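Novice: Provided below: structure20.tsv, containing TSV, C-alpha atoms.
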```tsv
chain	number	residue	atom	x	y	z
A	1	MET	CA	56.62	-165.80	24.29
A	2	SER	CA	59.54	-166.45	21.99
A	3	LYS	CA	59.11	-164.23	18.95
A	4	SER	CA	59.19	-165.56	15.43
A	5	ARG	CA	58.89	-163.74	12.13
A	6	SER	CA	55.16	-164.46	12.11
A	7	HIS	CA	52.49	-162.62	14.01
A	8	LEU	CA	50.89	-165.42	16.01
A	9	ILE	CA	47.12	-165.18	16.11
A	10	ALA	CA	45.09	-167.69	18.11
A	11	ILE	CA	41.61	-168.67	16.91
A	12	THR	CA	39.13	-169.88	19.49
A	13	GLY	CA	35.40	-170.27	20.11
A	14	GLN	CA	32.73	-172.60	21.44
A	15	ILE	CA	32.15	-176.01	19.90
A	16	GLY	CA	29.92	-175.50	16.87
A	17	SER	CA	30.84	-171.84	16.44
A	18	GLY	CA	32.51	-172.36	13.05
A	19	LYS	CA	36.20	-172.23	14.00
A	20	SER	CA	37.18	-174.91	11.50
A	21	SER	CA	35.40	-173.16	8.61
A	22	PHE	CA	37.00	-169.86	9.59
A	23	MET	CA	40.41	-171.56	9.67
A	24	LYS	CA	39.79	-173.08	6.24
A	25	PHE	CA	39.12	-169.63	4.79
A	26	LEU	CA	42.15	-168.14	6.58
A	27	ALA	CA	44.29	-170.91	5.08
A	28	GLU	CA	43.58	-169.52	1.62
A	29	ALA	CA	45.77	-166.55	2.55
A	30	TYR	CA	48.14	-167.59	5.37
A	31	PRO	CA	49.51	-170.67	7.18
A	32	THR	CA	47.26	-172.28	9.78
A	33	ILE	CA	47.88	-174.77	12.58
A	34	SER	CA	45.07	-176.85	14.11
A	35	SER	CA	45.37	-178.04	17.70
A	36	ASP	CA	42.67	-180.64	16.99
A	37	GLU	CA	44.74	-182.09	14.15
A	38	ILE	CA	47.79	-182.22	16.42
A	39	VAL	CA	45.75	-184.05	19.07
A	40	ALA	CA	44.56	-186.54	16.43
A	41	GLU	CA	48.20	-187.21	15.47
A	42	LEU	CA	49.24	-187.55	19.12
A	43	LEU	CA	46.52	-190.12	19.76
A	44	GLU	CA	48.18	-192.37	17.17
A	45	LYS	CA	51.60	-192.30	18.82
A	46	PRO	CA	52.46	-195.49	20.78
A	47	GLY	CA	53.91	-193.54	23.72
A	48	VAL	CA	50.79	-191.40	24.07
A	49	ILE	CA	48.50	-194.42	23.72
A	50	GLU	CA	50.40	-196.22	26.47
A	51	LYS	CA	50.23	-193.18	28.75
A	52	LEU	CA	46.47	-192.83	28.25
A	53	LYS	CA	46.02	-196.56	28.86
A	54	GLU	CA	47.87	-196.15	32.19
A	55	ILE	CA	45.63	-193.24	33.18
A	56	PHE	CA	42.21	-194.33	31.93
A	57	GLY	CA	42.50	-198.09	31.49
A	58	SER	CA	42.31	-200.35	28.46
A	59	GLU	CA	38.57	-199.69	28.03
A	60	ILE	CA	39.43	-196.58	25.97
A	61	LEU	CA	41.22	-198.74	23.38
A	62	THR	CA	39.87	-200.56	20.34
A	63	MET	CA	40.45	-204.28	19.81
A	64	GLU	CA	43.46	-203.30	17.68
A	65	GLY	CA	44.99	-201.26	20.51
A	66	SER	CA	44.39	-197.76	19.15
A	67	VAL	CA	42.52	-195.03	21.03
A	68	ASP	CA	38.74	-195.23	20.60
A	69	LYS	CA	38.02	-191.49	20.35
A	70	ILE	CA	34.29	-191.91	20.96
A	71	LYS	CA	34.85	-193.92	24.16
A	72	LEU	CA	37.49	-191.45	25.35
A	73	SER	CA	35.22	-188.50	24.61
A	74	ASN	CA	32.27	-190.06	26.43
A	75	LEU	CA	34.52	-190.87	29.40
A	76	ILE	CA	35.96	-187.39	29.86
A	77	PHE	CA	32.72	-185.50	29.33
A	78	ASN	CA	31.03	-187.63	31.98
A	79	ASP	CA	33.80	-187.00	34.50
A	80	ASN	CA	35.27	-183.52	34.90
A	81	GLN	CA	38.36	-184.75	36.76
A	82	LYS	CA	39.20	-187.18	33.95
A	83	ARG	CA	38.72	-184.41	31.38
A	84	LEU	CA	41.18	-182.19	33.26
A	85	LEU	CA	43.59	-185.12	33.53
A	86	LEU	CA	43.45	-185.69	29.78
A	87	GLU	CA	44.04	-181.99	29.13
A	88	ALA	CA	47.02	-181.94	31.52
A	89	THR	CA	48.48	-184.91	29.63
A	90	LEU	CA	47.96	-183.67	26.07
A	91	HIS	CA	48.24	-179.88	26.28
A	92	PRO	CA	52.02	-179.70	26.92
A	93	LEU	CA	52.54	-181.98	23.91
A	94	VAL	CA	50.24	-179.85	21.75
A	95	GLU	CA	52.00	-176.65	22.81
A	96	ALA	CA	55.42	-178.14	22.05
A	97	LYS	CA	54.29	-179.20	18.58
A	98	ILE	CA	52.74	-175.80	17.78
A	99	PHE	CA	55.95	-173.96	18.65
A	100	GLU	CA	57.99	-176.55	16.78
A	101	ILE	CA	56.01	-175.82	13.60
A	102	ILE	CA	55.93	-172.02	13.84
A	103	PRO	CA	59.67	-171.35	13.19
A	104	THR	CA	59.43	-173.35	9.96
A	105	LEU	CA	56.86	-170.92	8.54
A	106	ASN	CA	58.01	-167.94	6.54
A	107	SER	CA	54.88	-165.81	6.72
A	108	LYS	CA	53.79	-162.49	8.19
A	109	TYR	CA	50.89	-164.19	9.98
A	110	CYS	CA	50.25	-167.63	11.38
A	111	PHE	CA	46.78	-168.58	12.62
A	112	ILE	CA	46.61	-171.22	15.33
A	113	GLU	CA	43.32	-172.87	16.25
A	114	VAL	CA	43.18	-173.35	20.04
A	115	PRO	CA	39.63	-174.33	21.12
A	116	LEU	CA	40.40	-174.00	24.86
A	117	LEU	CA	42.62	-170.92	24.56
A	118	PHE	CA	41.15	-169.04	27.52
A	119	GLU	CA	40.25	-172.11	29.57
A	120	VAL	CA	43.92	-173.13	29.76
A	121	ASN	CA	45.16	-169.52	29.91
A	122	TRP	CA	47.27	-169.72	26.75
A	123	GLN	CA	46.37	-166.28	25.37
A	124	ASP	CA	49.71	-164.77	26.41
A	125	LYS	CA	51.54	-167.26	24.19
A	126	PHE	CA	50.17	-165.47	21.11
A	127	ASP	CA	50.20	-161.91	19.80
A	128	LYS	CA	46.43	-161.64	19.36
A	129	SER	CA	43.30	-163.74	19.83
A	130	VAL	CA	40.18	-164.08	17.68
A	131	LEU	CA	36.89	-165.41	19.02
A	132	VAL	CA	34.55	-167.01	16.49
A	133	PHE	CA	31.19	-166.28	18.09
A	134	SER	CA	27.78	-167.81	17.41
A	135	ASP	CA	24.57	-167.52	19.39
A	136	GLU	CA	23.95	-170.59	21.54
A	137	THR	CA	20.66	-171.39	19.78
A	138	ILE	CA	22.56	-171.58	16.48
A	139	ILE	CA	25.35	-173.63	18.03
A	140	ARG	CA	22.79	-176.11	19.36
A	141	LYS	CA	21.16	-176.46	15.94
A	142	ARG	CA	24.53	-177.09	14.30
A	143	LEU	CA	25.49	-179.72	16.88
A	144	ILE	CA	22.15	-181.51	16.55
A	145	LYS	CA	22.83	-181.71	12.79
A	146	ARG	CA	26.19	-183.34	13.63
A	147	GLY	CA	24.42	-186.01	15.68
A	148	TYR	CA	24.84	-184.65	19.21
A	149	ASP	CA	21.95	-185.10	21.62
A	150	GLN	CA	20.94	-182.49	24.22
A	151	VAL	CA	22.93	-184.18	27.02
A	152	MET	CA	26.10	-184.27	24.91
A	153	ILE	CA	25.64	-180.63	23.93
A	154	LYS	CA	25.18	-179.56	27.55
A	155	GLN	CA	28.27	-181.51	28.65
A	156	ARG	CA	30.48	-179.97	25.99
A	157	LEU	CA	29.26	-176.41	26.43
A	158	SER	CA	29.56	-176.59	30.21
A	159	ALA	CA	33.20	-177.73	29.85
A	160	GLN	CA	34.02	-174.37	28.23
A	161	LEU	CA	34.06	-170.83	29.56
A	162	PRO	CA	30.79	-168.89	29.13
A	163	LEU	CA	30.60	-166.95	25.88
A	164	GLN	CA	30.54	-163.59	27.67
A	165	SER	CA	33.85	-164.37	29.38
A	166	LYS	CA	35.43	-165.16	26.02
A	167	LEU	CA	34.01	-161.97	24.51
A	168	ASP	CA	35.67	-159.98	27.28
A	169	LEU	CA	39.04	-161.68	26.71
A	170	ALA	CA	39.30	-161.77	22.90
A	171	ASP	CA	41.11	-159.12	20.86
A	172	TYR	CA	38.84	-159.64	17.84
A	173	VAL	CA	35.39	-161.18	17.42
A	174	ILE	CA	33.96	-162.79	14.28
A	175	TYR	CA	30.17	-163.03	14.52
A	176	ASN	CA	29.26	-166.23	12.70
A	177	ASN	CA	25.49	-166.56	12.80
A	178	GLY	CA	25.02	-166.76	9.05
A	179	THR	CA	25.99	-168.89	6.07
A	180	LEU	CA	29.39	-170.18	4.99
A	181	GLU	CA	29.44	-167.57	2.23
A	182	GLU	CA	28.90	-164.84	4.81
A	183	LEU	CA	31.69	-166.29	6.96
A	184	LYS	CA	34.01	-166.33	3.96
A	185	TYR	CA	33.30	-162.64	3.38
A	186	LEU	CA	33.88	-161.88	7.09
A	187	THR	CA	37.20	-163.78	6.92
A	188	LYS	CA	38.44	-161.78	3.94
A	189	ASP	CA	37.34	-158.57	5.64
A	190	PHE	CA	39.16	-159.57	8.84
A	191	ILE	CA	42.40	-160.30	6.95
A	192	LYS	CA	42.22	-156.90	5.25
A	193	ARG	CA	41.66	-155.24	8.62
A	194	LEU	CA	44.58	-157.09	10.15
A	195	GLU	CA	46.92	-156.24	7.28
A	196	LYS	CA	45.86	-152.58	7.41
A	197	GLU	CA	46.50	-152.38	11.17
A	198	HIS	CA	50.00	-153.81	10.77
A	199	HIS	CA	50.73	-151.63	7.79
A	200	VAL	CA	49.88	-148.56	9.90
A	201	LYS	CA	52.07	-149.83	12.76
A	202	ASP	CA	54.97	-150.60	10.44
A	203	ASN	CA	54.86	-147.07	9.08
```
As structure tokens, please, write out the structure in this file.

Specialist:
Amino acid sequence: MSKSRSHLIAITGQIGSGKSSFMKFLAEAYPTISSDEIVAELLEKPGVIEKLKEIFGSEILTMEGSVDKIKLSNLIFNDNQKRLLLEATLHPLVEAKIFEIIPTLNSKYCFIEVPLLFEVNWQDKFDKSVLVFSDETIIRKRLIKRGYDQVMIKQRLSAQLPLQSKLDLADYVIYNNGTLEELKYLTKDFIKRLEKEHHVKDN
């Protein structure tokens, strides 16, 4: 990994675990980078749209020629090979963008949200990793509130590593089974812990 002035800390977790809320609270103190936001930007680029059209066909496009994210999502989660093909296409572009942004940041820490951190074996690209963990029953309730049905939930969870595997791999774990206020407190506590650890190392 090419070092920058920032400590690079990857944030990961299952869908519905609360990664985005955790990132929002982290952003109150330090710079954050969202892989999902980068993907959203990539899906608007003509070159990327054309590449995806070549791979998956014009049925993933809207009448206006942009990527229909719902159609693309349904396609890849119904076909594991197509999901892996999409990841192989987008992940190098996402990685390039992340490491293009990082040198522009003048901060002790930079938090990077990488939902599939361990699935794509990216953990060595960062200094530390944080798993936002929620019990599966809570995840399912949150996803149902977002409009997912049981089939969609099963497809998305099965596309990710089991929670226990992620627990074994992560450097830090944030247990997010409570409210947003509780998560905000946990985030502040985590930042203090991180700063204290580095202060001890620096001295």

Novice: Pick from A:Ile15, A:Glu195, A:Phe22, A:Leu85: nearest to Arg146 in chain A, with only C-alpha atoms counted?

Specialist: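 Among A:Ile15, A:Glu195, A:Phe22, A:Leu85, it is A:Ile15 that comes nearest to Arg146 in chain A.
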
Novice: If we count all atoms listed in the file and set the cut-off at 12 Å, which residues sit around Leu86 in chain A, ignoring sequence neighbours fewer than 5 positions away in its own chain? Please answer as JSON, numbers by chain.

Specialist: {"A": [39, 43, 48, 49, 51, 52, 53, 54, 55, 56, 72, 73, 75, 76, 77, 79, 80, 81, 91, 92, 93]}

Novice: What would the file look like if the residues just selected were written as a PDB file, keeping the file's coordinate frame with C-alpha atoms?

Specialist:
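Final output, saved to part33.pdb:
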```pdb
ATOM      1  CA  VAL A  39      45.750-184.050  19.070  1.00  0.00           C
ATOM      2  CA  LEU A  43      46.520-190.120  19.760  1.00  0.00           C
ATOM      3  CA  VAL A  48      50.790-191.400  24.070  1.00  0.00           C
ATOM      4  CA  ILE A  49      48.500-194.420  23.720  1.00  0.00           C
ATOM      5  CA  LYS A  51      50.230-193.180  28.750  1.00  0.00           C
ATOM      6  CA  LEU A  52      46.470-192.830  28.250  1.00  0.00           C
ATOM      7  CA  LYS A  53      46.020-196.560  28.860  1.00  0.00           C
ATOM      8  CA  GLU A  54      47.870-196.150  32.190  1.00  0.00           C
ATOM      9  CA  ILE A  55      45.630-193.240  33.180  1.00  0.00           C
ATOM     10  CA  PHE A  56      42.210-194.330  31.930  1.00  0.00           C
ATOM     11  CA  LEU A  72      37.490-191.450  25.350  1.00  0.00           C
ATOM     12  CA  SER A  73      35.220-188.500  24.610  1.00  0.00           C
ATOM     13  CA  LEU A  75      34.520-190.870  29.400  1.00  0.00           C
ATOM     14  CA  ILE A  76      35.960-187.390  29.860  1.00  0.00           C
ATOM     15  CA  PHE A  77      32.720-185.500  29.330  1.00  0.00           C
ATOM     16  CA  ASP A  79      33.800-187.000  34.500  1.00  0.00           C
ATOM     17  CA  ASN A  80      35.270-183.520  34.900  1.00  0.00           C
ATOM     18  CA  GLN A  81      38.360-184.750  36.760  1.00  0.00           C
ATOM     19  CA  HIS A  91      48.240-179.880  26.280  1.00  0.00           C
ATOM     20  CA  PRO A  92      52.020-179.700  26.920  1.00  0.00           C
ATOM     21  CA  LEU A  93      52.540-181.980  23.910  1.00  0.00           C
TER      22      LEU A  93
END
```

Novice: So the first atom is CA of Tyr109 in chain A and the second is CA of Glu37 in chain A; what is the distance between them in Å, to one decimal place?

Specialist: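 CA of Tyr109 in chain A sits 19.4 Å away from CA of Glu37 in chain A.
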
Novice: Given all atoms listed in the file, how would the per-residue table for range 15-85 of chain A near range 164-175 of chain A read, listing every residue at most 12 Å away with its closest atom pair and distance in Å to one decimal, sorted by chain and number, as JSON lines?

Specialist:
```
{"residue": "A:Ser17", "atom": "CA", "partner": "A:Tyr175", "partner_atom": "CA", "distance": 9.0}
{"residue": "A:Gly18", "atom": "CA", "partner": "A:Tyr175", "partner_atom": "CA", "distance": 9.7}
{"residue": "A:Lys19", "atom": "CA", "partner": "A:Ile174", "partner_atom": "CA", "distance": 9.7}
{"residue": "A:Ser21", "atom": "CA", "partner": "A:Ile174", "partner_atom": "CA", "distance": 11.9}
{"residue": "A:Phe22", "atom": "CA", "partner": "A:Ile174", "partner_atom": "CA", "distance": 9.0}
{"residue": "A:Met23", "atom": "CA", "partner": "A:Ile174", "partner_atom": "CA", "distance": 11.8}
```

Novice: Have a look at A:Ile70, A:Ala96, A:Ile153, A:Leu26 and name the one nearest to Asp189 in chain A; count only C-alpha atoms.

Specialist: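 Checking each of A:Ile70, A:Ala96, A:Ile153, A:Leu26 against Asp189 in chain A, counting only C-alpha atoms, the winner is A:Leu26.
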
Novice: What are the closest atom pairs, with distances in Å to one decimal, for all residues of range 18-137 of chain A lying within 10 Å of range 4-13 of chain A? Consider only C-alpha atoms, order rows by chain and residue number, and present the result as JSON lines.

Specialist:
```
{"residue": "A:Gly18", "atom": "CA", "partner": "A:Gly13", "partner_atom": "CA", "distance": 7.9}
{"residue": "A:Lys19", "atom": "CA", "partner": "A:Gly13", "partner_atom": "CA", "distance": 6.5}
{"residue": "A:Ser20", "atom": "CA", "partner": "A:Ile11", "partner_atom": "CA", "distance": 9.4}
{"residue": "A:Phe22", "atom": "CA", "partner": "A:Ile11", "partner_atom": "CA", "distance": 8.7}
{"residue": "A:Met23", "atom": "CA", "partner": "A:Ile11", "partner_atom": "CA", "distance": 7.9}
{"residue": "A:Pro31", "atom": "CA", "partner": "A:Ser6", "partner_atom": "CA", "distance": 9.7}
{"residue": "A:Thr32", "atom": "CA", "partner": "A:Ile9", "partner_atom": "CA", "distance": 9.5}
{"residue": "A:Ile33", "atom": "CA", "partner": "A:Ala10", "partner_atom": "CA", "distance": 9.4}
{"residue": "A:Ser34", "atom": "CA", "partner": "A:Ile11", "partner_atom": "CA", "distance": 9.3}
{"residue": "A:Phe99", "atom": "CA", "partner": "A:Ser4", "partner_atom": "CA", "distance": 9.6}
{"residue": "A:Ile102", "atom": "CA", "partner": "A:Ser4", "partner_atom": "CA", "distance": 7.4}
{"residue": "A:Pro103", "atom": "CA", "partner": "A:Ser4", "partner_atom": "CA", "distance": 6.2}
{"residue": "A:Thr104", "atom": "CA", "partner": "A:Ser4", "partner_atom": "CA", "distance": 9.5}
{"residue": "A:Leu105", "atom": "CA", "partner": "A:Ser6", "partner_atom": "CA", "distance": 7.6}
{"residue": "A:Asn106", "atom": "CA", "partner": "A:Arg5", "partner_atom": "CA", "distance": 7.0}
{"residue": "A:Ser107", "atom": "CA", "partner": "A:Ser6", "partner_atom": "CA", "distance": 5.6}
{"residue": "A:Lys108", "atom": "CA", "partner": "A:Ser6", "partner_atom": "CA", "distance": 4.6}
{"residue": "A:Tyr109", "atom": "CA", "partner": "A:His7", "partner_atom": "CA", "distance": 4.6}
{"residue": "A:Cys110", "atom": "CA", "partner": "A:Leu8", "partner_atom": "CA", "distance": 5.2}
{"residue": "A:Phe111", "atom": "CA", "partner": "A:Ile9", "partner_atom": "CA", "distance": 4.9}
{"residue": "A:Ile112", "atom": "CA", "partner": "A:Ala10", "partner_atom": "CA", "distance": 4.7}
{"residue": "A:Glu113", "atom": "CA", "partner": "A:Ile11", "partner_atom": "CA", "distance": 4.6}
{"residue": "A:Val114", "atom": "CA", "partner": "A:Thr12", "partner_atom": "CA", "distance": 5.4}
{"residue": "A:Pro115", "atom": "CA", "partner": "A:Thr12", "partner_atom": "CA", "distance": 4.8}
{"residue": "A:Leu116", "atom": "CA", "partner": "A:Thr12", "partner_atom": "CA", "distance": 6.9}
{"residue": "A:Leu117", "atom": "CA", "partner": "A:Thr12", "partner_atom": "CA", "distance": 6.2}
{"residue": "A:Phe118", "atom": "CA", "partner": "A:Thr12", "partner_atom": "CA", "distance": 8.3}
{"residue": "A:Trp122", "atom": "CA", "partner": "A:Ala10", "partner_atom": "CA", "distance": 9.1}
{"residue": "A:Gln123", "atom": "CA", "partner": "A:Ala10", "partner_atom": "CA", "distance": 7.5}
{"residue": "A:Asp124", "atom": "CA", "partner": "A:Ala10", "partner_atom": "CA", "distance": 9.9}
{"residue": "A:Lys125", "atom": "CA", "partner": "A:Leu8", "partner_atom": "CA", "distance": 8.4}
{"residue": "A:Phe126", "atom": "CA", "partner": "A:Leu8", "partner_atom": "CA", "distance": 5.2}
{"residue": "A:Asp127", "atom": "CA", "partner": "A:Leu8", "partner_atom": "CA", "distance": 5.2}
{"residue": "A:Lys128", "atom": "CA", "partner": "A:Ile9", "partner_atom": "CA", "distance": 4.9}
{"residue": "A:Ser129", "atom": "CA", "partner": "A:Ala10", "partner_atom": "CA", "distance": 4.7}
{"residue": "A:Val130", "atom": "CA", "partner": "A:Ile11", "partner_atom": "CA", "distance": 4.9}
{"residue": "A:Leu131", "atom": "CA", "partner": "A:Thr12", "partner_atom": "CA", "distance": 5.0}
{"residue": "A:Val132", "atom": "CA", "partner": "A:Gly13", "partner_atom": "CA", "distance": 4.9}
{"residue": "A:Phe133", "atom": "CA", "partner": "A:Gly13", "partner_atom": "CA", "distance": 6.1}
{"residue": "A:Ser134", "atom": "CA", "partner": "A:Gly13", "partner_atom": "CA", "distance": 8.5}
```

Novice: Pick out the residues sitting within 10 Å of Asp135 in chain A, and hand them over as a list in words; count only C-alpha atoms, and ignore anything fewer than 6 positions along from it in its own chain.

Specialist: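 Listing them by chain and then by number gives Gln14, Gly16, Ser17, Leu163, Tyr175, Asn176 and Asn177 of chain A.
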
Novice: Grab the CA of Glu44 in chain A to CA of Glu64 in chain A distance for me, in Å with one decimal place.

Specialist: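 Separation between CA of Glu44 in chain A and CA of Glu64 in chain A: 11.9 Å.
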
Novice: When you draw a straight line from CA of Lys69 in chain A to CA of Gln155 in chain A, how long is it in Å?

Specialist: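 Going from CA of Lys69 in chain A over to CA of Gln155 in chain A covers 16.2 Å.
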
Novice: Out of A:His198, A:Glu41, A:Tyr30, A:Ile191, which residue has the shortest atom-to-atom distance to Lys97 in chain A when counting all atoms listed in the file?

Specialist: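 Going through A:His198, A:Glu41, A:Tyr30, A:Ile191 one by one, the smallest distance to Lys97 in chain A is for A:Glu41.
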
Novice: Counting all atoms listed in the file, which residue out of A:Leu61, A:Glu100, A:Val120, A:Ala27 sits closest to Ala88 in chain A?

Specialist: A:Val120

Novice: Could you tell me which of A:Lys141, A:Ser58, A:Phe25, A:Val67 comes closest to Leu180 in chain A if we count only C-alpha atoms?

Specialist: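 Result for the nearest residue to Leu180 in chain A: A:Phe25.
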
Novice: Considering all atoms listed in the file, can you say which of A:Ile139, A:Met152, A:Pro46, A:Asp36 comes closest to Val94 in chain A?

Specialist: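 So, comparing all the options, the nearest one is A:Asp36.
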
Novice: Kindly output range 95-113 of chain A as a PDB file, keeping the file's coordinate frame, after building N, CA and C atoms.

Specialist:
```pdb
ATOM      1  N   GLU A  95      51.268-177.924  22.794  1.00  0.00           N
ATOM      2  CA  GLU A  95      52.000-176.650  22.810  1.00  0.00           C
ATOM      3  C   GLU A  95      53.396-176.834  22.200  1.00  0.00           C
ATOM      4  N   ALA A  96      54.082-177.890  22.579  1.00  0.00           N
ATOM      5  CA  ALA A  96      55.420-178.140  22.050  1.00  0.00           C
ATOM      6  C   ALA A  96      55.395-178.281  20.534  1.00  0.00           C
ATOM      7  N   LYS A  97      54.388-178.982  20.027  1.00  0.00           N
ATOM      8  CA  LYS A  97      54.290-179.200  18.580  1.00  0.00           C
ATOM      9  C   LYS A  97      53.983-177.896  17.845  1.00  0.00           C
ATOM     10  N   ILE A  98      53.071-177.090  18.399  1.00  0.00           N
ATOM     11  CA  ILE A  98      52.740-175.800  17.780  1.00  0.00           C
ATOM     12  C   ILE A  98      53.996-174.952  17.613  1.00  0.00           C
ATOM     13  N   PHE A  99      54.783-174.842  18.698  1.00  0.00           N
ATOM     14  CA  PHE A  99      55.950-173.960  18.650  1.00  0.00           C
ATOM     15  C   PHE A  99      57.159-174.623  17.990  1.00  0.00           C
ATOM     16  N   GLU A 100      57.005-175.886  17.640  1.00  0.00           N
ATOM     17  CA  GLU A 100      57.990-176.550  16.780  1.00  0.00           C
ATOM     18  C   GLU A 100      57.702-176.217  15.317  1.00  0.00           C
ATOM     19  N   ILE A 101      56.411-176.111  14.983  1.00  0.00           N
ATOM     20  CA  ILE A 101      56.010-175.820  13.600  1.00  0.00           C
ATOM     21  C   ILE A 101      56.250-174.359  13.236  1.00  0.00           C
ATOM     22  N   ILE A 102      55.920-173.459  14.142  1.00  0.00           N
ATOM     23  CA  ILE A 102      55.930-172.020  13.840  1.00  0.00           C
ATOM     24  C   ILE A 102      57.237-171.525  13.230  1.00  0.00           C
ATOM     25  N   PRO A 103      58.416-171.874  13.775  1.00  0.00           N
ATOM     26  CA  PRO A 103      59.670-171.350  13.190  1.00  0.00           C
ATOM     27  C   PRO A 103      59.922-171.809  11.755  1.00  0.00           C
ATOM     28  N   THR A 104      59.233-172.854  11.324  1.00  0.00           N
ATOM     29  CA  THR A 104      59.430-173.350   9.960  1.00  0.00           C
ATOM     30  C   THR A 104      58.616-172.546   8.937  1.00  0.00           C
ATOM     31  N   LEU A 105      57.740-171.675   9.428  1.00  0.00           N
ATOM     32  CA  LEU A 105      56.860-170.920   8.540  1.00  0.00           C
ATOM     33  C   LEU A 105      57.476-169.562   8.218  1.00  0.00           C
ATOM     34  N   ASN A 106      57.481-169.225   6.969  1.00  0.00           N
ATOM     35  CA  ASN A 106      58.010-167.940   6.540  1.00  0.00           C
ATOM     36  C   ASN A 106      56.829-167.095   6.057  1.00  0.00           C
ATOM     37  N   SER A 107      56.108-166.529   7.043  1.00  0.00           N
ATOM     38  CA  SER A 107      54.880-165.810   6.720  1.00  0.00           C
ATOM     39  C   SER A 107      54.678-164.682   7.720  1.00  0.00           C
ATOM     40  N   LYS A 108      54.036-163.612   7.290  1.00  0.00           N
ATOM     41  CA  LYS A 108      53.790-162.490   8.190  1.00  0.00           C
ATOM     42  C   LYS A 108      52.843-162.885   9.320  1.00  0.00           C
ATOM     43  N   TYR A 109      51.864-163.740   8.985  1.00  0.00           N
ATOM     44  CA  TYR A 109      50.890-164.190   9.980  1.00  0.00           C
ATOM     45  C   TYR A 109      50.834-165.705  10.032  1.00  0.00           C
ATOM     46  N   CYS A 110      50.570-166.211  11.211  1.00  0.00           N
ATOM     47  CA  CYS A 110      50.250-167.630  11.380  1.00  0.00           C
ATOM     48  C   CYS A 110      49.044-167.709  12.298  1.00  0.00           C
ATOM     49  N   PHE A 111      48.017-168.424  11.850  1.00  0.00           N
ATOM     50  CA  PHE A 111      46.780-168.580  12.620  1.00  0.00           C
ATOM     51  C   PHE A 111      46.758-169.953  13.268  1.00  0.00           C
ATOM     52  N   ILE A 112      46.565-169.972  14.574  1.00  0.00           N
ATOM     53  CA  ILE A 112      46.610-171.220  15.330  1.00  0.00           C
ATOM     54  C   ILE A 112      45.262-171.462  16.008  1.00  0.00           C
ATOM     55  N   GLU A 113      44.611-172.546  15.649  1.00  0.00           N
ATOM     56  CA  GLU A 113      43.320-172.870  16.250  1.00  0.00           C
ATOM     57  C   GLU A 113      43.546-173.517  17.626  1.00  0.00           C
TER      58      GLU A 113
END
```
